[in-house]
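Chemist: Pasting a structure here, questions to come.
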Amino acid sequence: MLTWFLNPKSKCLEWDGSYAANMLAENISLGYQNLIANAEKLDEQIIVVKELDEDEYLNWDRNYLLPVVQLKEFARRELSEYLEGFLIHGSIATLDYSKGWSNLDTYLIVSKGTVYDRDRLITLSEKLLYAFDFNGVQSGK
């Protein structure tokens, strides 16, 4: 449900007015607050992920990969307070993509502070809808 809510497909909620998005965000938030795992100590593993190197991307294929660098900057500026992590993976990350075929694969780790708070979820959803405009990778812009 969280994945769908943070995806452009959820824009259909606007058809019913803002109360629909508020209601769904509230249900997601309450659901996460009540998870059994929340009450237990879970094993934790630290994983270090290499940060996207802007120079490497822009030197590799500036025109094609510039939107990826712009998305990274947007995520750092606009999304970091809502997320624990914003990862780019797949062929764009490894630079073995095929133009016209490969898409941009991302993985978001939503913070507890966001997923437990309806208003923060709604704000994150709005920001992510804006972030979907960084589609130059798919279209070759």
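By order of appearance in the structure tokens: chains A, B, ..., then residues from 1 within every chain, and ligands from 1 in the order shown.
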Looking only at alpha helix (DSSP H) from DSSP on the backbone, list the matching residues of segment 3-141 of chain A as a ChimeraX atom specification.

Modeler: /A:3-5,18-33,54-74,91-94,112-115,118-131,136-139

Chemist: Within 12 Å of segment 90-108 of chain A, which residues of segment 38-79 of chain A show up? Give each one with its shortest atom-to-atom distance in Å (one decimal) and the two atoms involved, counting only C-alpha atoms, rows by chain then rising residue number, as a Markdown table.

Modeler:
```
| residue | atom | partner | partner_atom | distance |
| --- | --- | --- | --- | --- |
| A:Val49 | CA | A:Ala93 | CA | 11.3 |
| A:Lys50 | CA | A:Ala93 | CA | 10.0 |
| A:Glu51 | CA | A:Ala93 | CA | 9.9 |
| A:Leu52 | CA | A:Ala93 | CA | 7.7 |
| A:Asp53 | CA | A:Ala93 | CA | 10.0 |
| A:Glu54 | CA | A:Ala93 | CA | 11.5 |
| A:Glu56 | CA | A:Leu95 | CA | 9.7 |
| A:Tyr57 | CA | A:Leu95 | CA | 8.1 |
| A:Leu58 | CA | A:Leu95 | CA | 11.2 |
| A:Asn59 | CA | A:Leu95 | CA | 11.4 |
| A:Trp60 | CA | A:Leu95 | CA | 8.2 |
| A:Asp61 | CA | A:Leu95 | CA | 9.4 |
| A:Asn63 | CA | A:Lys99 | CA | 11.7 |
| A:Tyr64 | CA | A:Lys99 | CA | 8.5 |
| A:Leu65 | CA | A:Ile92 | CA | 8.4 |
| A:Leu66 | CA | A:Ile92 | CA | 11.7 |
| A:Pro67 | CA | A:Leu104 | CA | 10.2 |
| A:Val68 | CA | A:Leu104 | CA | 8.3 |
| A:Val69 | CA | A:Ala93 | CA | 11.1 |
| A:Leu71 | CA | A:Thr106 | CA | 10.6 |
| A:Lys72 | CA | A:Thr106 | CA | 10.7 |
| A:Ala75 | CA | A:Leu108 | CA | 10.3 |
| A:Leu79 | CA | A:Leu108 | CA | 10.0 |
```

Chemist: My list of candidates is A:Ser10, A:Ser80, A:Thr3, A:Asn34. Which is closest to Ser111 of chain A when distances are computed with only C-alpha atoms?

Modeler: A:Ser80

Chemist: In Å, rounded to a single decimal, give me how far atom CA of Glu84 of chain A is from atom CA of Ala20 of chain A.

Modeler: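 Between atom CA of Ala20 of chain A and atom CA of Glu84 of chain A the gap is 26.5 Å.
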